[in-house]
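A.B. asks: File follows, structure.txt with compact mmCIF, C-alpha atoms and all ligand atoms:
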# COMPACT_ATOMS: atom_id res chain seq x y z
CA MET F 1176 -2.18 -95.87 227.70
CA ILE F 1177 -2.48 -94.90 231.35
CA ASP F 1178 -3.94 -97.21 233.92
CA VAL F 1179 -5.00 -95.67 237.20
CA ARG F 1180 -5.37 -98.42 239.78
CA ASP F 1181 -6.58 -98.20 243.33
CA LEU F 1182 -5.59 -94.57 243.62
CA SER F 1183 -6.37 -93.31 247.10
CA ILE F 1184 -5.49 -89.86 248.33
CA ARG F 1185 -5.67 -88.85 251.96
CA ILE F 1186 -4.95 -85.49 253.54
CA ASN F 1187 -4.55 -85.89 257.29
CA ASP F 1188 -7.70 -87.78 258.23
CA LYS F 1189 -9.67 -86.77 255.20
CA GLN F 1190 -10.11 -89.35 252.45
CA ILE F 1191 -10.06 -87.35 249.20
CA THR F 1192 -10.27 -90.27 246.80
CA ASP F 1193 -10.92 -93.91 247.55
CA HIS F 1194 -9.54 -96.70 245.33
CA VAL F 1195 -10.05 -94.86 242.07
CA ASP F 1196 -9.73 -97.14 239.04
CA PHE F 1197 -9.89 -96.17 235.41
CA ASN F 1198 -8.05 -96.59 232.16
CA ILE F 1199 -7.17 -94.00 229.54
CA PRO F 1200 -7.19 -95.79 226.19
CA ARG F 1201 -4.72 -94.55 223.58
CA GLY F 1202 -6.20 -92.37 220.86
CA LYS F 1203 -9.47 -91.72 222.67
CA ILE F 1204 -11.07 -88.75 224.35
CA ILE F 1205 -12.04 -89.82 227.82
CA THR F 1206 -13.79 -87.59 230.29
CA LEU F 1207 -13.80 -87.45 234.02
CA VAL F 1208 -17.19 -86.20 235.19
CA GLY F 1209 -18.46 -85.37 238.63
CA GLU F 1210 -19.67 -82.60 240.83
CA SER F 1211 -17.35 -80.01 242.26
CA GLY F 1212 -15.27 -81.43 245.12
CA SER F 1213 -15.53 -85.05 243.94
CA GLY F 1214 -11.75 -85.35 243.62
CA LYS F 1215 -11.18 -84.90 239.89
CA SER F 1216 -8.40 -82.32 240.10
CA MET F 1217 -6.71 -84.08 242.99
CA THR F 1218 -6.69 -87.31 240.98
CA ILE F 1219 -4.98 -85.51 238.11
CA SER F 1220 -2.43 -83.85 240.36
CA ALA F 1221 -1.64 -87.24 241.88
CA MET F 1222 -1.22 -88.79 238.43
CA LEU F 1223 1.21 -86.03 237.49
CA GLY F 1224 3.16 -86.33 240.72
CA MET F 1225 2.25 -82.80 241.66
CA LEU F 1226 0.93 -83.31 245.17
CA THR F 1227 3.02 -82.17 248.10
CA THR F 1228 4.71 -84.85 250.17
CA ASP F 1229 2.44 -84.35 253.17
CA ILE F 1230 -0.43 -85.76 251.10
CA ASN F 1231 -0.73 -89.52 251.35
CA VAL F 1232 -1.11 -91.23 247.98
CA SER F 1233 -1.40 -94.96 247.41
CA GLY F 1234 -2.14 -97.10 244.37
CA LYS F 1235 -0.63 -97.10 240.92
CA VAL F 1236 -0.54 -94.96 237.81
CA ILE F 1237 0.90 -97.21 235.11
CA TYR F 1238 2.32 -95.49 232.06
CA GLU F 1239 4.45 -97.39 229.55
CA GLY F 1240 5.04 -100.16 232.04
CA ARG F 1241 6.15 -97.86 234.85
CA ASN F 1242 4.31 -96.77 237.95
CA LEU F 1243 4.47 -92.98 237.79
CA LEU F 1244 3.96 -92.82 241.56
CA ASP F 1245 7.34 -94.53 242.00
CA VAL F 1246 9.53 -92.76 239.44
CA SER F 1247 12.08 -90.15 240.49
CA ASP F 1248 11.25 -86.44 240.36
CA LYS F 1249 13.63 -86.08 237.47
CA ASP F 1250 11.96 -88.81 235.41
CA MET F 1251 8.53 -87.44 236.27
CA LYS F 1252 9.58 -83.98 235.09
CA SER F 1253 10.70 -85.47 231.83
CA VAL F 1254 7.37 -87.31 231.37
CA ARG F 1255 5.49 -84.08 232.11
CA LYS F 1256 7.68 -82.18 229.69
CA LYS F 1257 7.64 -84.51 226.73
CA ASP F 1258 4.62 -86.77 226.96
CA ILE F 1259 1.89 -85.00 228.86
CA PHE F 1260 0.55 -81.53 228.20
CA THR F 1261 -1.81 -80.01 230.75
CA ILE F 1262 -4.33 -77.22 230.25
CA PHE F 1263 -6.03 -75.75 233.30
CA GLN F 1264 -9.31 -73.99 233.84
CA ASP F 1265 -8.12 -70.46 233.49
CA ALA F 1266 -5.46 -69.86 230.87
CA SER F 1267 -4.85 -66.34 232.12
CA ASN F 1268 -3.38 -67.84 235.30
CA SER F 1269 -1.01 -70.00 233.29
CA PHE F 1270 0.60 -67.00 231.60
CA ASN F 1271 2.86 -64.47 233.24
CA PRO F 1272 1.20 -61.06 232.83
CA SER F 1273 4.44 -59.18 232.25
CA VAL F 1274 5.97 -61.32 229.50
CA LYS F 1275 4.96 -61.20 225.84
CA LEU F 1276 2.99 -64.20 224.65
CA GLY F 1277 5.48 -65.27 222.01
CA ARG F 1278 8.16 -65.96 224.59
CA GLN F 1279 5.76 -67.79 226.87
CA MET F 1280 4.28 -69.86 224.07
CA TYR F 1281 7.79 -70.81 223.03
CA ALA F 1282 8.48 -71.98 226.59
CA TYR F 1283 5.27 -74.06 226.61
CA SER F 1284 5.92 -75.61 223.19
CA GLY F 1285 9.17 -75.43 221.21
CA GLY F 1286 11.33 -74.72 224.24
CA ARG F 1287 10.16 -77.72 226.19
CA ILE F 1288 10.87 -80.16 223.40
CA GLY F 1289 14.24 -78.66 222.53
CA ASP F 1290 13.42 -76.61 219.41
CA THR F 1291 15.27 -73.35 218.81
CA THR F 1292 13.28 -70.12 218.53
CA ASP F 1293 13.93 -70.15 214.78
CA VAL F 1294 12.32 -73.57 214.48
CA PHE F 1295 9.50 -72.36 216.73
CA ASN F 1296 8.87 -69.38 214.47
CA VAL F 1297 8.58 -71.62 211.42
CA LYS F 1298 6.51 -74.35 213.02
CA MET F 1299 4.16 -72.19 215.10
CA LEU F 1300 3.07 -69.94 212.24
CA PRO F 1301 0.87 -72.52 210.46
CA VAL F 1302 -0.51 -73.70 213.82
CA LEU F 1303 -1.66 -70.19 214.74
CA ASP F 1304 -3.03 -69.76 211.28
CA LYS F 1305 -5.05 -72.93 211.56
CA LEU F 1306 -6.46 -71.83 214.91
CA GLY F 1307 -7.41 -68.41 213.58
CA LEU F 1308 -4.73 -66.56 215.54
CA SER F 1309 -2.54 -63.95 213.94
CA TRP F 1310 1.21 -63.89 214.51
CA ASP F 1311 0.76 -60.43 216.04
CA ILE F 1312 -0.44 -61.99 219.28
CA THR F 1313 3.11 -63.18 219.98
CA GLU F 1314 4.01 -59.51 220.45
CA GLN F 1315 1.16 -58.93 222.89
CA TYR F 1316 0.85 -59.28 226.63
CA PRO F 1317 -1.72 -61.65 228.15
CA PHE F 1318 -3.93 -58.84 229.44
CA GLN F 1319 -4.39 -57.63 225.87
CA LEU F 1320 -6.18 -60.85 224.94
CA SER F 1321 -9.48 -62.35 226.10
CA GLY F 1322 -9.69 -65.56 228.12
CA GLY F 1323 -10.87 -67.38 225.01
CA MET F 1324 -7.87 -66.21 222.99
CA LEU F 1325 -5.47 -67.23 225.76
CA GLN F 1326 -7.05 -70.68 225.94
CA ARG F 1327 -6.55 -70.85 222.18
CA CYS F 1328 -2.86 -69.94 222.62
CA MET F 1329 -2.56 -72.83 225.05
CA ILE F 1330 -4.10 -75.24 222.64
CA ALA F 1331 -1.82 -73.91 219.90
CA CYS F 1332 1.06 -75.04 222.12
CA ALA F 1333 -0.57 -78.45 222.46
CA PHE F 1334 -0.93 -78.71 218.67
CA TYR F 1335 2.74 -77.79 218.38
CA VAL F 1336 3.98 -80.27 220.98
CA GLU F 1337 1.71 -83.13 219.89
CA PRO F 1338 1.88 -84.72 223.33
CA GLU F 1339 1.05 -88.37 223.88
CA LEU F 1340 -1.59 -87.27 226.34
CA LEU F 1341 -3.39 -83.97 226.76
CA ILE F 1342 -5.01 -83.39 230.12
CA ALA F 1343 -7.51 -80.55 230.23
CA ASP F 1344 -9.02 -79.79 233.64
CA GLU F 1345 -12.28 -77.86 233.18
CA PRO F 1346 -10.67 -75.93 230.33
CA THR F 1347 -13.84 -74.15 229.28
CA SER F 1348 -15.33 -73.13 232.63
CA ALA F 1349 -14.10 -69.57 232.21
CA LEU F 1350 -15.37 -69.25 228.65
CA ASP F 1351 -18.76 -68.24 227.27
CA MET F 1352 -20.88 -70.78 225.39
CA VAL F 1353 -19.66 -69.92 221.89
CA LEU F 1354 -15.99 -70.07 222.89
CA GLN F 1355 -16.62 -73.29 224.81
CA LYS F 1356 -17.96 -74.91 221.68
CA GLN F 1357 -15.04 -73.69 219.59
CA PHE F 1358 -12.54 -74.91 222.13
CA ILE F 1359 -14.12 -78.36 222.28
CA GLN F 1360 -14.02 -78.52 218.48
CA LEU F 1361 -10.28 -77.85 218.64
CA LEU F 1362 -9.82 -80.71 221.10
CA ILE F 1363 -11.74 -83.02 218.78
CA GLN F 1364 -9.59 -81.82 215.88
CA LEU F 1365 -6.40 -82.50 217.83
CA ASN F 1366 -7.64 -85.99 218.61
CA GLU F 1367 -8.76 -86.77 215.07
CA GLU F 1368 -5.85 -85.26 213.18
CA ARG F 1369 -2.95 -86.09 215.45
CA GLY F 1370 -4.37 -89.05 217.32
CA THR F 1371 -3.73 -87.28 220.61
CA THR F 1372 -5.19 -89.07 223.62
CA ILE F 1373 -7.18 -86.61 225.72
CA LEU F 1374 -8.33 -86.71 229.33
CA LEU F 1375 -10.96 -84.02 229.65
CA VAL F 1376 -12.31 -83.06 233.05
CA THR F 1377 -15.68 -81.39 232.96
CA HIS F 1378 -18.98 -81.22 234.77
CA ASP F 1379 -20.78 -80.32 231.56
CA LEU F 1380 -22.60 -83.32 230.11
CA ASP F 1381 -23.20 -81.54 226.81
CA ILE F 1382 -19.46 -81.40 226.35
CA VAL F 1383 -19.20 -85.08 227.25
CA ALA F 1384 -21.86 -85.95 224.69
CA GLU F 1385 -20.19 -83.89 222.01
CA ALA F 1386 -16.56 -84.77 222.47
CA ALA F 1387 -15.88 -87.89 224.46
CA HIS F 1388 -15.66 -91.55 223.56
CA GLU F 1389 -15.56 -92.84 227.11
CA MET F 1390 -16.46 -91.49 230.50
CA VAL F 1391 -15.57 -91.99 234.13
CA VAL F 1392 -18.10 -90.74 236.67
CA MET F 1393 -16.83 -89.70 240.09
CA GLN F 1394 -18.82 -88.99 243.21
CA GLN F 1395 -17.31 -88.08 246.56
CA GLY F 1396 -13.87 -89.45 245.72
CA ARG F 1397 -15.08 -92.71 244.21
CA VAL F 1398 -15.54 -93.88 240.66
CA VAL F 1399 -19.17 -94.93 240.43
CA GLU F 1400 -19.40 -95.70 236.74
CA THR F 1401 -17.24 -96.09 233.63
CA GLY F 1402 -18.05 -96.96 230.04
CA THR F 1403 -18.48 -95.61 226.56
CA VAL F 1404 -20.46 -92.40 226.41
CA GLU F 1405 -23.15 -94.11 224.34
CA THR F 1406 -23.62 -96.91 226.85
CA VAL F 1407 -23.59 -94.74 229.94
CA PHE F 1408 -25.97 -92.19 228.43
CA SER F 1409 -28.42 -94.83 227.26
CA GLN F 1410 -28.09 -97.27 230.16
CA PRO F 1411 -26.74 -95.55 233.26
CA ARG F 1412 -26.41 -98.04 236.09
CA HIS F 1413 -25.55 -95.99 239.12
CA ALA F 1414 -28.17 -93.80 240.79
CA TYR F 1415 -25.81 -90.84 240.78
CA THR F 1416 -25.21 -91.12 237.04
CA LYS F 1417 -28.95 -91.34 236.47
CA ARG F 1418 -29.47 -88.17 238.50
CA LEU F 1419 -26.74 -86.39 236.56
CA LEU F 1420 -28.27 -87.35 233.24
CA GLU F 1421 -31.76 -86.41 234.35
CA SER F 1422 -30.63 -83.00 235.51
CA ARG F 1423 -29.41 -82.27 232.01
CA PHE F 1424 -32.76 -81.14 230.66
N1 LIG G 1 -4.83 -78.85 249.69
C1 LIG G 1 -5.97 -79.41 250.14
N2 LIG G 1 -6.12 -79.68 251.45
C2 LIG G 1 -7.24 -80.26 251.94
N3 LIG G 1 -8.27 -80.62 251.17
C3 LIG G 1 -8.19 -80.36 249.85
C4 LIG G 1 -7.04 -79.74 249.25
N4 LIG G 1 -7.26 -79.63 247.93
C5 LIG G 1 -8.48 -80.15 247.70
N5 LIG G 1 -9.03 -80.59 248.84
C6 LIG G 1 -10.34 -81.26 248.98
O1 LIG G 1 -10.33 -82.40 248.15
C7 LIG G 1 -11.62 -82.63 247.62
C8 LIG G 1 -11.51 -82.83 246.14
O2 LIG G 1 -11.11 -81.64 245.52
P1 LIG G 1 -10.87 -81.50 243.96
O3 LIG G 1 -10.05 -82.64 243.49
O4 LIG G 1 -10.35 -80.14 243.71
O5 LIG G 1 -12.36 -81.65 243.39
P2 LIG G 1 -12.90 -81.40 241.92
O6 LIG G 1 -11.75 -81.12 241.02
O7 LIG G 1 -13.63 -82.66 241.57
O8 LIG G 1 -13.83 -80.26 242.01
C9 LIG G 1 -12.47 -81.46 248.03
O9 LIG G 1 -13.26 -81.87 249.12
C10 LIG G 1 -11.48 -80.41 248.47
O10 LIG G 1 -12.02 -79.62 249.48
MG MG G 2 -11.33 -79.46 239.83
Please express the file's structure as structure tokens.
Ligand SMILES: Nc1ncnc2c1ncn2[C@@H]1O[C@H](COP(=O)(O)OP(=O)(O)O)[C@@H](O)[C@H]1O
Ligand SMILES: [Mg+2]
C.D. replies:
Amino acid sequence: MIDVRDLSIRINDKQITDHVDFNIPRGKIITLVGESGSGKSMTISAMLGMLTTDINVSGKVIYEGRNLLDVSDKDMKSVRKKDIFTIFQDASNSFNPSVKLGRQMYAYSGGRIGDTTDVFNVKMLPVLDKLGLSWDITEQYPFQLSGGMLQRCMIACAFYVEPELLIADEPTSALDMVLQKQFIQLLIQLNEERGTTILLVTHDLDIVAEAAHEMVVMQQGRVVETGTVETVFSQPRHAYTKRLLESRF
């Protein structure tokens, strides 16, 4: 679905990523794993065309036959709006503290795909229900809900939008273990029920084992290993991957 080829990112003299290559297969959950600072978030920002112009990016990000690094800002905005939904580490930062959740969730879901608020009200109700959220939360402000609930609101928007690709960058780092597990189950559900392709960034190998079909291992800006989770877990080839797997227990 998306082919990242030879993606190199440089800031001034600092090489952030070096010829990163990986493929996101349609319908799969693929995870990007690697220690903090290995270039995972920068890779995603580059893919989404969200890096500032002073950052040097080379390579290709092929999506539906087009190189996303070459498309106009306008076209890129449209891709981000319709096809790709992104969830970041801390949902509370994604919501404006002084606006009720209903309005913000509309903006993240119905609004962005052109639904009226009436349509939103009808379509969002069963989604919230399914995720164990009551409609009352739409009348609340973000500070009235926990981080876990806000992350759930975000995923409700993803269920609503049914994007081609969901990118989640360390979505559970701010959650406790129980909420992490629940959130990952929701991602799996989204993938199984709607066929949503998911790129999940995490440094948690338990999450990888539980959720992902394929994995890409990054170390210091380079991809050192790719493969199905089964293969990489049972036969890691790179020393870094071996170390990662050993440190799990
Ligand atoms: N705006 C920036 N300017 C300079 N260096 C940056 C900037 N943003 C990130 N970096 C550097 O890029 C590297 C990769 O960062 P990042 O992609 O956030 O890593 P990860 O998401 O894997 O933890 C890090 O060394 C970080 O210090
Ligand atoms: Mg990151």
A.B. asks: Select from segment 1301-1405 of chain F every residue with an atom at most 12 Å from any atom of segment 1181-1187 of chain F, then for each give the shortest pair of atoms and their distance in Å to one decimal, using only C-alpha atoms, rows by chain and rising number, as CSV.
C.D. replies:
residue,atom,partner,partner_atom,distance
F:Gly1396,CA,F:Ser1183,CA,8.5
F:Arg1397,CA,F:Ser1183,CA,9.2
F:Val1398,CA,F:Asp1181,CA,10.3
A.B. asks: Hey, which residues sit close to ligand MG 2 (chain G)? Say within 12 Å, counting all atoms listed in the file, and write them as a PyMOL selection string.
C.D. replies: chain F and resi 1207-1220+1263-1265+1343-1346+1348+1375-1378+1393+1396
A.B. asks: Need the shell around Asp1351 of chain F: protein/DNA/RNA residues with any atom at most 12 Å away, counting all atoms listed in the file. Skip same-chain ones fewer than 4 positions apart. Format as number ranges by chain?
C.D. replies: F: 1321-1324, 1346-1347, 1355-1358
A.B. asks: Write out the residues from the selection above, keeping C-alpha atoms, as a PDB file, keeping the file's coordinate frame.
C.D. replies:
ATOM      1  CA  SER F1321      -9.480 -62.350 226.100  1.00  0.00           C
ATOM      2  CA  GLY F1322      -9.690 -65.560 228.120  1.00  0.00           C
ATOM      3  CA  GLY F1323     -10.870 -67.380 225.010  1.00  0.00           C
ATOM      4  CA  MET F1324      -7.870 -66.210 222.990  1.00  0.00           C
ATOM      5  CA  PRO F1346     -10.670 -75.930 230.330  1.00  0.00           C
ATOM      6  CA  THR F1347     -13.840 -74.150 229.280  1.00  0.00           C
ATOM      7  CA  GLN F1355     -16.620 -73.290 224.810  1.00  0.00           C
ATOM      8  CA  LYS F1356     -17.960 -74.910 221.680  1.00  0.00           C
ATOM      9  CA  GLN F1357     -15.040 -73.690 219.590  1.00  0.00           C
ATOM     10  CA  PHE F1358     -12.540 -74.910 222.130  1.00  0.00           C
TER      11      PHE F1358
END
A.B. asks: Tell me which protein, DNA and RNA residues are within 10 Å of segment 1307-1313 of chain F, counting all atoms listed in the file, leaving out same-chain ones fewer than 6 positions away, and put them as an MDAnalysis selection string.
C.D. replies: chainID F and resid 1275:1281 1296 1299:1301 1319:1320 1324:1325 1327:1328 1331
A.B. asks: From the list F:Ile1330, F:Val1179, F:Val1392, F:Ile1199, which residue is nearest ligand LIG 1 (chain G) when using all atoms listed in the file?
C.D. replies: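 Smallest separation from ligand LIG 1 (chain G) among the options: F:Val1392.
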A.B. asks: Give the padded box for ligand LIG 1 (chain G) as lines of an AutoDock Vina configuration file: axis-aligned, covering all atoms listed in the file, 5 Å on each side, centre and edge lengths in Å to one decimal.
C.D. replies:
center_x = -9.3
center_y = -80.8
center_z = 246.5
size_x = 19.0
size_y = 14.0
size_z = 20.9
A.B. asks: For the atom pair atom CA of Glu1421 of chain F and atom CA of Gln1394 of chain F, what is the interatomic distance in Å to one decimal place?
C.D. replies: 15.9 Å
